[in-house]
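To start, the structure under review is shown below, and the notes come after it.
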Amino acid sequence: MSVPDLHDIFREEAAELLIELEEGLLELESDLYDINIVDRIFRAMHTIKGSGGMCGFPNVTQFTHELETTFDKVRKGEMTANKELIEICLAAHHYLCDLIANDDVVDPTLKVTNDEILRRLHIHSPSLESDVTDEESSSPISIDLGLIKETTLMRIRFQPCVEFLTYGMNPLQQLSELSELGECKLVAYTNKLPFLTDIVVDHCYISWEILLSSDKSKEQVLALFSFIEDDCDLFVEIIDQEDEVSEDYKRLGDILVDRGDLKREQVDSLFVEKPLIGEKIQQSGLVEEEKIKSALLEQEVVREQRQERNKAASQSSIRVSSLKLDKQMNQVGELVIALARLNQLAIKSKDKELISVAADLDQLITEVRDNVLGIRMLPIGSTFSKYRRLVRDLSTEQGKEIELVTHGADTELDKTVIEQLGDPLVHLIRNSLDHGIEAPEVRQANGKNRQGEITLTAKQAQGQVLIEIKDNGKGIDPSVIRRKAIEKGLISAETQLTEKEILSQIFAAGFSTAEKVTNISGRGVGMDVVKRSIESLRGNIDIDSVLGQGTTITLRLPLTLAIIEGLLLKVGTESIVIPLTMVEECIEANKSTLKASKQSFVLRVRESLIPCISLSQWLGNNNELPDLLHVIIVNIDGDKYGLLVDDVIGQQQTVIKSLGSIYQSIKGVSGATILGDGSVAVILDLQQVVQFYGLPAG
């Protein structure tokens with residue numbers, strides 16, 4: 001594997017670990033004594049350090065080592081976490097992000113940041129400087145780029161000589177250093193302890209059998225004992241490795257023979273009688289109970305390790321470049337278009353065998369499409385941590401007390417949508433924080449809780465994702481918005497607008513109600529950019545506000561930007577597609593059952609009156625409605641509407657193609673698709689169509 005490949009792998013892994021680290025630090029700030037959170041933070045730091053070393057990021061490794069050392073002290077109860085430590089570690093998190101983005105090169109700017117963070121860390125935890133030896137801090141890290149370390153299980157027998165303690169040595173020191181190499185389980189052998197009256201206080205009578213699960217080599221383990229090898233009996237043997245997949249392990253008798261505790265003929269002689277060999281060995285008295293206990297522990301540890309290894313292998317995942325996923329999605333899209341053409345040719349030919357093959361291909365391609373779409377779907381919660389950090393830092397800067405509450409973190413969305421959604425959400429949250437939430441004293445004077453709240457919610461509904469940013473601040477005064485809009489020439493003083501239309505003026509370019517420019521807002525840029533960004537994702541944005549209570553902004557976004565299940569309709573000579581997830585039913589109705597209304601028509605369907613839109617009239621045609629109408633009942637945000645069309649062609653997979661910039665301003669059209677005959681059909685944005693007509697809910 002080449003160095004660039006390893007660098008890319010590390011960046012991807014580190015991005016996830018840094019999110020985990022930041023989330024942990026922010027959670028720990030709310031509960032400074034939660035040891036589970038401390039363990040999570042420590043594991044993230046430890047993995048970043050280890051992976052950085054293997055993948056050629058020595059500066060990341062060295063810096064993270066010092067953070068890890070501090071949190072190891074917190075983990076062991078040698079020091080407690082506090083606000084200052086979290087501030088330092090959040091600054092370190094930001095530094096690590098920059099260092100990794102800079103390909104591990106510490107330029108002069110990063111050097112200043114590095115030195116300042118380490119200075120603060122050493123003041124906070126003075127013993128840190130002595131924890132890093134000169135050799136560790138100055139020697140470059142040697143990396144074998146072709147080596148990926150694997151976990152092995154080693155059996156270690158450690159028996160200090162009787163005079164071990166008199167030489168000023170402590171066997172527990174060796175055991176402690178072993179535990180730092182990996183997970184240790186041990187059994188102490190006490191069979192050589194003399195009677196109490198015969199004990200010499202500075203003699204060592206105990207030996208140990210240790211099972212060490214580690215990614216270190218046998219040579220590295222032996223190196224721990226290099227200074228005392230003449231003063232102890234030491235035996236190190238690898239008994240299990242990563243390439244061993246069988247969950248079965250040796251029987252108890254075989255383990256004891258391997259260890260030299262029993263001879264083969266002694267074990268074989270015990271097979272003459274029927275009881276289990278383990279019970280027979282225990283009953284025989286041929287070997288001490290402690291050695292049997294140690295052998296049983298080895299048997300259990302090896303089996304558990306192999307079970308975990310097999311479980312991990314069955315749940316393993318691989319990292320795939322997003323560019324490869326995009327290419328695969330495009331290829332699936334072309335397959336869907338080709339399939340539509342094949343289906344059309346098969347129907348025209350009336351060849352039953354060709355129709356059957358086309359049907360089989362349709363099913364297979366649908367499965368492939370769903371699988372590829374599933375791979376591209378990511379939980380939106382993976383981005384929530386950066387918004388928590390944003391709210392925390394900016395509220396502290398402004399002297400406000402604000403909590404970010406999130407719901408629906410597991411809501412899945414296409415990765416492309418998530419990537420492009422980041423900046424708009426940052427703008428909206430910053431706006432709520434700056435303009436929406438009042439200062440603590442103002443809130444208290446108005447009978448509110450000193451701490452404000454911004455709620456970020458995500459959920460799926462009707463093939464869309466709804467994202468809501470809600471604050472419990474002062475709300476928006478429509479009269480102020482109207483006055484500012486008139487001042488900036490966006491509307492005239494005579495223009496009559498509804499309250500919602502007035503509020504929507506905040507999305508106009510250059511609009512701002514801020515009295516002064518800050519580093520957060522007030523320059524008149526942001527909300528118009530948000531609106532354009534959301535619309536470029538084929539979504540829309542809505543705002544509601546109650547003066548004195550708060551503001552809610554709702555984003556409606558498609559689940560994916562690639563392929564949807566659509567219903568193909570015919571209106572005159574035009575082909576139109578609507579998302580199938582919004583369709584409730586298709587019915588036929590006589591023209592005489594329609595009642596004309598101010599906006600369009602009304603149709604009684606069973607016990608309900610449904611507002612209807614003639615798509616022919618929406619397209620600008622003034623043709624008379626036919627006597628027999630096809631009515632598509634759709635559900636939009638819980639309200640029902642009817643679409644009057646000439647014909648219903650049927651359900652089909654729809655590959656979404658973006659419209660050129662010339663067509664971006666057309667309301668009600670979200671994209672286009674290519675049909676089997678090569679013609680183009682427009683895809684409707686039904687929310688915008690309904691808003692265009694201003695229809696009441698049905």
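Identifiers in this document derive from the order of the structure tokens: chains are assigned A, B, ..., residues are numbered from 1 separately in each chain, and ligands are numbered from 1 in order of occurrence.
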Inset, instruction - Tell me which protein, DNA and RNA residues are within 12 Å of Leu153 in chain A, counting only C-alpha atoms, leaving out same-chain ones fewer than 2 positions away, and put them as JSON, numbers by chain. - result: {"A": [150, 151, 155, 156, 181, 182, 183, 184, 185, 210, 211, 212, 213, 214, 215, 216, 217, 218, 221, 236, 237, 238, 239, 240, 241, 242, 243, 244, 298, 299, 301, 302, 303, 304, 305, 306]}
Expected file contents, prior selection, C-alpha atoms, as a PDB file, in the first residue's frame:
```pdb
ATOM      1  CA  GLU A 150      -2.677  -7.817  14.462  1.00  0.00           C
ATOM      2  CA  THR A 151      -3.756  -8.867  17.929  1.00  0.00           C
ATOM      3  CA  ARG A 155       0.938 -17.037  27.493  1.00  0.00           C
ATOM      4  CA  ILE A 156       3.574 -15.656  29.888  1.00  0.00           C
ATOM      5  CA  LEU A 181       0.660  -3.470  26.302  1.00  0.00           C
ATOM      6  CA  GLY A 182      -2.866  -4.860  26.120  1.00  0.00           C
ATOM      7  CA  GLU A 183      -5.544  -6.738  28.051  1.00  0.00           C
ATOM      8  CA  CYS A 184      -4.126  -8.979  30.779  1.00  0.00           C
ATOM      9  CA  LYS A 185      -5.673 -11.832  32.735  1.00  0.00           C
ATOM     10  CA  ILE A 210      -0.414 -14.200  32.451  1.00  0.00           C
ATOM     11  CA  LEU A 211      -2.579 -14.203  29.321  1.00  0.00           C
ATOM     12  CA  LEU A 212      -1.786 -11.046  27.322  1.00  0.00           C
ATOM     13  CA  SER A 213      -3.919  -9.974  24.340  1.00  0.00           C
ATOM     14  CA  SER A 214      -1.896  -7.344  22.481  1.00  0.00           C
ATOM     15  CA  ASP A 215      -0.774  -6.053  19.095  1.00  0.00           C
ATOM     16  CA  LYS A 216       2.825  -6.083  20.359  1.00  0.00           C
ATOM     17  CA  SER A 217       5.340  -8.691  19.244  1.00  0.00           C
ATOM     18  CA  LYS A 218       6.859 -11.414  21.399  1.00  0.00           C
ATOM     19  CA  VAL A 221       7.164  -8.330  25.534  1.00  0.00           C
ATOM     20  CA  VAL A 236       6.613 -16.337  26.589  1.00  0.00           C
ATOM     21  CA  GLU A 237       4.623 -18.239  23.963  1.00  0.00           C
ATOM     22  CA  ILE A 238       2.091 -17.115  21.316  1.00  0.00           C
ATOM     23  CA  ILE A 239      -0.997 -19.321  21.660  1.00  0.00           C
ATOM     24  CA  ASP A 240      -3.528 -17.580  19.370  1.00  0.00           C
ATOM     25  CA  GLN A 241      -3.346 -15.220  16.357  1.00  0.00           C
ATOM     26  CA  GLU A 242      -5.672 -13.255  14.061  1.00  0.00           C
ATOM     27  CA  ASP A 243      -5.584 -15.864  11.287  1.00  0.00           C
ATOM     28  CA  GLU A 244      -7.089 -18.516  13.572  1.00  0.00           C
ATOM     29  CA  GLU A 298      -6.724 -19.814  28.983  1.00  0.00           C
ATOM     30  CA  GLN A 299      -9.360 -22.025  27.379  1.00  0.00           C
ATOM     31  CA  VAL A 301     -10.061 -16.427  26.973  1.00  0.00           C
ATOM     32  CA  VAL A 302      -9.067 -18.025  23.649  1.00  0.00           C
ATOM     33  CA  ARG A 303     -12.646 -19.069  22.880  1.00  0.00           C
ATOM     34  CA  GLU A 304     -14.021 -15.617  23.752  1.00  0.00           C
ATOM     35  CA  GLN A 305     -11.359 -13.901  21.651  1.00  0.00           C
ATOM     36  CA  ARG A 306     -12.093 -16.103  18.642  1.00  0.00           C
TER      37      ARG A 306
END
```
Could you list, with a cut-off of 12 Å and counting only C-alpha atoms, the residues of range 422-508 of chain A near range 575-587 of chain A, each shown with its nearest atom pair and the distance in Å rounded to one decimal, rows sorted by chain and ascending number, as JSON lines?
```
{"residue": "A:Gln460", "atom": "CA", "partner": "A:Thr581", "partner_atom": "CA", "distance": 11.6}
{"residue": "A:Ala461", "atom": "CA", "partner": "A:Thr581", "partner_atom": "CA", "distance": 9.2}
{"residue": "A:Gln462", "atom": "CA", "partner": "A:Thr581", "partner_atom": "CA", "distance": 5.4}
{"residue": "A:Gly463", "atom": "CA", "partner": "A:Thr581", "partner_atom": "CA", "distance": 5.6}
{"residue": "A:Gln464", "atom": "CA", "partner": "A:Thr581", "partner_atom": "CA", "distance": 8.9}
```
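All residues of protein, DNA or RNA that reach within 7 Å of Ile380 in chain A, judged by only C-alpha atoms and not counting those fewer than 3 positions away in the chain, are Thr383, Ala409, Asp410, Thr411, Glu412, Leu413 and Ile418 of chain A.
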Legend entry - range 166-255 of chain A: residues DSSP assigns to strand (DSSP E or B), reported as a PyMOL selection string: chain A and resi 182-189+207-214+232-240
Legend entry - Residue contacts of Lys49 in chain A (9 Å, only C-alpha atoms) excluding same-chain residues fewer than 2 positions away, as a VMD selection string: chain A and resid 44 to 47 51 to 54 57 to 58 60 to 65 68
Using only C-alpha atoms, please write the residues we just selected to a file, as a compact mmCIF listing (two decimals), in the first residue's frame.
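Result file result32.txt:
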```txt
# COMPACT_ATOMS: atom_id res chain seq x y z
CA ALA A 44 -10.68 8.07 20.65
CA MET A 45 -7.37 9.71 21.59
CA HIS A 46 -5.61 6.35 21.83
CA THR A 47 -6.86 5.22 18.41
CA SER A 51 -3.39 4.99 13.67
CA GLY A 52 -1.39 8.18 13.14
CA GLY A 53 1.81 6.31 13.98
CA MET A 54 1.06 3.47 11.56
CA PHE A 57 1.52 11.12 10.93
CA PRO A 58 4.19 11.31 13.66
CA VAL A 60 -0.32 13.86 15.26
CA THR A 61 0.86 10.84 17.24
CA GLN A 62 3.22 12.82 19.47
CA PHE A 63 0.68 15.57 20.18
CA THR A 64 -2.16 13.11 20.89
CA HIS A 65 0.12 11.12 23.21
CA GLU A 68 -4.01 10.69 26.08
```
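Put simply, CA of Arg388 in chain A is 24.8 Å away from CA of Leu118 in chain A.
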Inset, instruction - Quote the spacing between CA of His7 in chain A and CA of Glu27 in chain A in Å to one decimal place. - result: 29.7 Å
Inset, instruction - For Ile649 in chain A, please output as a ChimeraX atom specification all residues within 12 Å (counting only C-alpha atoms; exclusion window: fewer than 3 positions along the same chain). - result: /A:344,566-571,574-578,586,630,645-646,652,675
For the selection you just gave me, I'd like the residues written to a file as a short mmCIF file (atom, residue, chain, number, x, y, z; two decimals), in the first residue's frame, keeping C-alpha atoms.
```
data_model
loop_
_atom_site.label_atom_id
_atom_site.label_comp_id
_atom_site.auth_asym_id
_atom_site.auth_seq_id
_atom_site.Cartn_x
_atom_site.Cartn_y
_atom_site.Cartn_z
CA GLN A 344 -41.00 0.38 -24.18
CA GLY A 566 -42.31 8.42 -9.77
CA LEU A 567 -45.80 8.39 -11.25
CA LEU A 568 -45.75 9.32 -14.96
CA LEU A 569 -48.68 11.48 -16.07
CA LYS A 570 -49.81 12.91 -19.42
CA VAL A 571 -51.10 16.48 -19.72
CA GLU A 574 -46.46 16.99 -22.07
CA SER A 575 -45.13 14.24 -19.81
CA ILE A 576 -45.00 15.01 -16.09
CA VAL A 577 -43.62 13.03 -13.15
CA ILE A 578 -44.64 13.42 -9.51
CA CYS A 586 -55.88 7.74 -8.50
CA HIS A 630 -58.18 11.51 -14.11
CA VAL A 645 -54.53 15.22 -15.69
CA ASP A 646 -55.36 13.74 -19.09
CA GLN A 652 -41.59 4.09 -13.05
CA LEU A 675 -38.05 8.66 -20.70
#
```
Inset, instruction - Show which residues sit within 9 Å of Ala92 in chain A, as a PyMOL selection string. Count only C-alpha atoms, and ignore same-chain residues fewer than 2 positions away. - result: chain A and resi 63-64+67+87-90+94-97+113-114+117-118
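Computed from the coordinates, the CA of Thr554 in chain A to CA of Glu403 in chain A distance equals 19.3 Å.
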Inset, instruction - Could you give me, as a list in words, each residue of range 552-625 of chain A that DSSP assigns to helix (DSSP H, G or I) when run on this structure's backbone? - result: Leu580, Thr581, Met582, Lys591, Ser592, Thr593, Leu615, Ser616, Gln617 and Trp618 of chain A
Legend entry - Residue contacts of Leu345 in chain A (10 Å, only C-alpha atoms) excluding same-chain residues fewer than 5 positions away, as a PyMOL selection string: chain A and resi 339-340+350-351+354-355+358+676-677
